[in-house]
Amino acid sequence: MGIEAVTERSNKSLSEQSVLGGHAPRTQRTGDSLPFNDELHLQAHKWLVDESYLLDAQEYDEWLSRLTDDVHYLMPVRVTTALGAGYSTSPGMAHMDENKYSLSRRAARFATEHAWTEDPPSRLRHYVTNVRTFRTGNPEEIIVDSAVLLFRSRGDVREAATVSAGREDLLRRTGSSWQLARRTIMVDEAVIRMQNLAIFL
Amino acid sequence: MTDHSGVIQDVRQGMIPAHIYNDKEIFKLEKERVFGRSWLFVAHESEVPEAGDYVVRRVLEDSFIISRDEHGEIRALFNMCLHRGMQVCRTEMGNASHFRCPYHGWSYRNDGRIVGLPFHKEAYGGEEGFKKKGQTLLPAPSLGIYNGLIFVSLDPDAEPLEDFLGDFKFYMDYYTKQSSGGIELRGPQRWRVKANWKIGAENFAGDMYHTPQTHTSVVEIGLFREPKAEKRKDGTTYWAGNGGGTTYKLPEGSLEDRLRYVGYPDEMIARMKEQWSQEQLDVVGKDGFMVSAASVFPNMSFVHNWPRVEEDSNEVLPFISIRQWQPISEDETEIVSWFAVDKNAPEEFKALSYKAYLMCFGSGGMFEQDDVENWVSLTSTAGGPMARRLLLNSRMGMLENGQNVVEPLTPEQYSGPGSTRVGYSEYNQRELLLRWANHLERPMEKTAQVHVGSNPVQDCPADTPDSFRAPAEHNGHAPAVTASKEG
């Protein structure tokens, strides 16, 4: 996912254009991607890999603790438009356009004994790759691009479902660790081939 | 094809052969006889507000360009070039004055009329060979619009849309006409589920009975204050025209109190009072019922609900969603789900209503997640031979002798049209499947074909190689001539 992908239709980022992203941090990347041996890149990569293990295991309380209070979690709906149309997301519609509270409700629901869609739980595997890290104007914040492929298998009858996406994350330093302050998920399909999004990317 | 008269007879008695939810032959018949002639929702006018705006929508395998032409008129054009049949529009939305086929460059205005046909004179001999004048992309055989909702039917003789909707229009207005501005649609979200299309349509039409069990979790997390078992059965199911739905019972109070109870701000309530008829207002203000989910035969649904969406607030926010259960196969459905909101609603209301939609319904919605899990499971179970032995009982609300458990509300008790009952029942699911059975039983009329560009007087061009001709004709030619032409 290039920088263009998250700044469609105007110079505003998709997070800025989204209906519910009014609270989101606005920090943007500066300069080229950092070398792979840069300390910031190593920390960012480790953060994403650790996160993917939490998401595979559905340890959502721990995952939520790694999100900032002002987090914006956005997954636009992708649409097929002409080359040069200048946009590839549905205006005003997303699959998810979340803040910390709405994410916490989703996590809380999985913790009840009545979230049938994840009982029995799915077998999940998040594959994270193509990681690039960028500095921003704020020394306490970095931008991280990554590609994610989620494999999700339920029961023993149906075929597994996959979803592929590019992500742009804003990580903010909090003491000795990092927290996710903004995530824009560019899913690679116009029609999701998964029965629901009772998962996180 | 197998004789399905037994299935039809069972369905008419409210006994559902379980295999109809995953049966290749039944699906083939549905495609032909249900989707081949029903009114099907494709888009809303607000999705194509300006001249040249278009969206591309499917009616099963058929792709239609829904465009607003230069005169502001809504068109539904079959997305197939008149020359070699290529899709002339391969995007799903945009703005265009013309559509140009990428194959040979034929081009069409956004009202469907052909404008460009490269080498018309050199290749076809002009109008004498191919009548370009008056040629147009094939329009949908029937097109109808109600409250800005655009429907098409593949039946050129379909009854007018408003006649088809009939008294259901009374209820549709609650979702799509809360002020003179009508609604604006956003989306759709689209996703595919391995479930038969009928299950969702039936569920939205009348299944109040599933709410307390399926949706326990959303009450537990504080998202929803309503769906306690005893709460849901105080509501009604209604069937009117070719659609039906469910309502919630509202607490005592005035019309205004009750609309405020589900979260509408006063300025929207004022506009509803201007817009709705006295009977429409009385269903809420006098009778105390508020519409929730609904379906129109065969595969369009509505939902209206009012969750709590903000932290530390007991306020609820109502949202409206419109959807289509687009059949892909006997065991797969593409759910096409839009968020709808009154065009004149305050911006803050629109944003929070959208948030309510995202949290509850759609691809990531928390209500929806558990529904789909059930429907997928049901569908896969219905595919085997054991399911053919089961006649599922869909007679809830009716005794074995056909007597009603609960009688319909009288005009004194209820101000809306149709047949309305308090409590759990499966009248609406039966109404939906009754129409389904009627369609399956009725053979299709033969449809007219369109000859593109010419009406040939001679059925075989002179220089066609003989091997391509019909055998009788082939025998009339000397083999040597054939050989020299093929050489």
# chains A, B, ... in the order shown; residues from 1 in each chain; ligands from 1
call {"tool": "residues_around", "arguments": {"residues": "region 343-345 of chain B", "least_positions_apart": "6", "cutoff": "6 Å", "atoms": "only C-alpha atoms", "output": "PDB file with C-alpha atoms, in the first residue's frame"}}
result
ATOM      1  CA  GLY B 181     -35.968  14.791   1.407  1.00  0.00           C
ATOM      2  CA  GLY B 182     -36.171  11.018   1.598  1.00  0.00           C
ATOM      3  CA  ILE B 183     -33.090   8.955   2.359  1.00  0.00           C
ATOM      4  CA  GLU B 184     -29.514   8.898   1.216  1.00  0.00           C
TER       5      GLU B 184
END
call {"tool": "interface_residues", "arguments": {"of": "chain B", "to": "chain A", "cutoff": "7 Å", "atoms": "only C-alpha atoms", "output": "list of chain:residue names"}}
result
B:Thr91, B:Glu92, B:Met93, B:Gly94, B:Arg186, B:Gly187, B:Gln189, B:Arg190, B:Trp191, B:Arg192, B:Val193, B:Thr216, B:Ser217, B:Val218, B:Ile221, B:Glu311, B:Ala351, B:Leu358, B:Ser363, B:Gly364, B:Gln369, B:Asp370, B:Val372, B:Glu373
call {"tool": "atom_distance", "arguments": {"atom1": "CA of Glu122 (chain B)", "atom2": "CA of Leu77 (chain B)"}}
result
28.4 Å
call {"tool": "residues_around", "arguments": {"residues": "Gly112 (chain B)", "least_positions_apart": "6", "cutoff": "9 Å", "atoms": "only C-alpha atoms", "output": "list in words"}}
result
Asp69, Arg75, Ala76, Leu77, Phe78, His98, Phe99, Gln135, Thr136, Leu137, Leu138 and Pro139 of chain B
call {"tool": "closest_residue", "arguments": {"among": "A:Gly21, A:Gly31, A:Gly86, A:Pro121", "to": "Gln58 (chain A)", "atoms": "only C-alpha atoms"}}
result
A:Pro121
call {"tool": "residues_around", "arguments": {"residues": "Met268 (chain B)", "least_positions_apart": "5", "cutoff": "10 Å", "atoms": "only C-alpha atoms", "output": "PyMOL selection string"}}
result
chain B and resi 178-179+259-260+273-274+342+344-346+349
call {"tool": "residues_around", "arguments": {"residues": "region 324-330 of chain B", "least_positions_apart": "4", "cutoff": "8 Å", "atoms": "only C-alpha atoms", "output": "MDAnalysis selection string"}}
result
chainID B and resid 21:24 26:27 41 59:60 195:198 200:201 299:301 334:337
call {"tool": "write_last_selection", "arguments": {"atoms": "C-alpha atoms", "output": "short mmCIF file (atom, residue, chain, number, x, y, z; two decimals), in the first residue's frame"}}
result
data_model
loop_
_atom_site.label_atom_id
_atom_site.label_comp_id
_atom_site.auth_asym_id
_atom_site.auth_seq_id
_atom_site.Cartn_x
_atom_site.Cartn_y
_atom_site.Cartn_z
CA TYR B 21 -32.16 -24.52 1.61
CA ASN B 22 -29.45 -26.34 -0.33
CA ASP B 23 -30.73 -27.94 -3.52
CA LYS B 24 -29.21 -27.41 -6.96
CA ILE B 26 -34.57 -25.98 -6.71
CA PHE B 27 -32.05 -23.19 -7.15
CA PHE B 41 -34.01 -3.85 -5.77
CA VAL B 59 -29.44 -9.35 -10.98
CA LEU B 60 -27.95 -12.79 -10.38
CA ALA B 195 -25.84 -19.75 3.19
CA ASN B 196 -28.98 -20.04 1.09
CA TRP B 197 -30.54 -16.67 0.20
CA LYS B 198 -34.02 -17.53 1.53
CA GLY B 200 -31.99 -14.22 5.59
CA ALA B 201 -35.12 -13.02 3.81
CA ASN B 299 -34.84 -10.92 -1.48
CA MET B 300 -34.88 -7.34 -0.18
CA SER B 301 -34.81 -6.52 3.51
CA GLU B 334 -23.73 -12.25 -1.53
CA ILE B 335 -25.07 -9.92 1.12
CA VAL B 336 -25.32 -6.38 -0.22
CA SER B 337 -25.92 -4.04 2.70
#
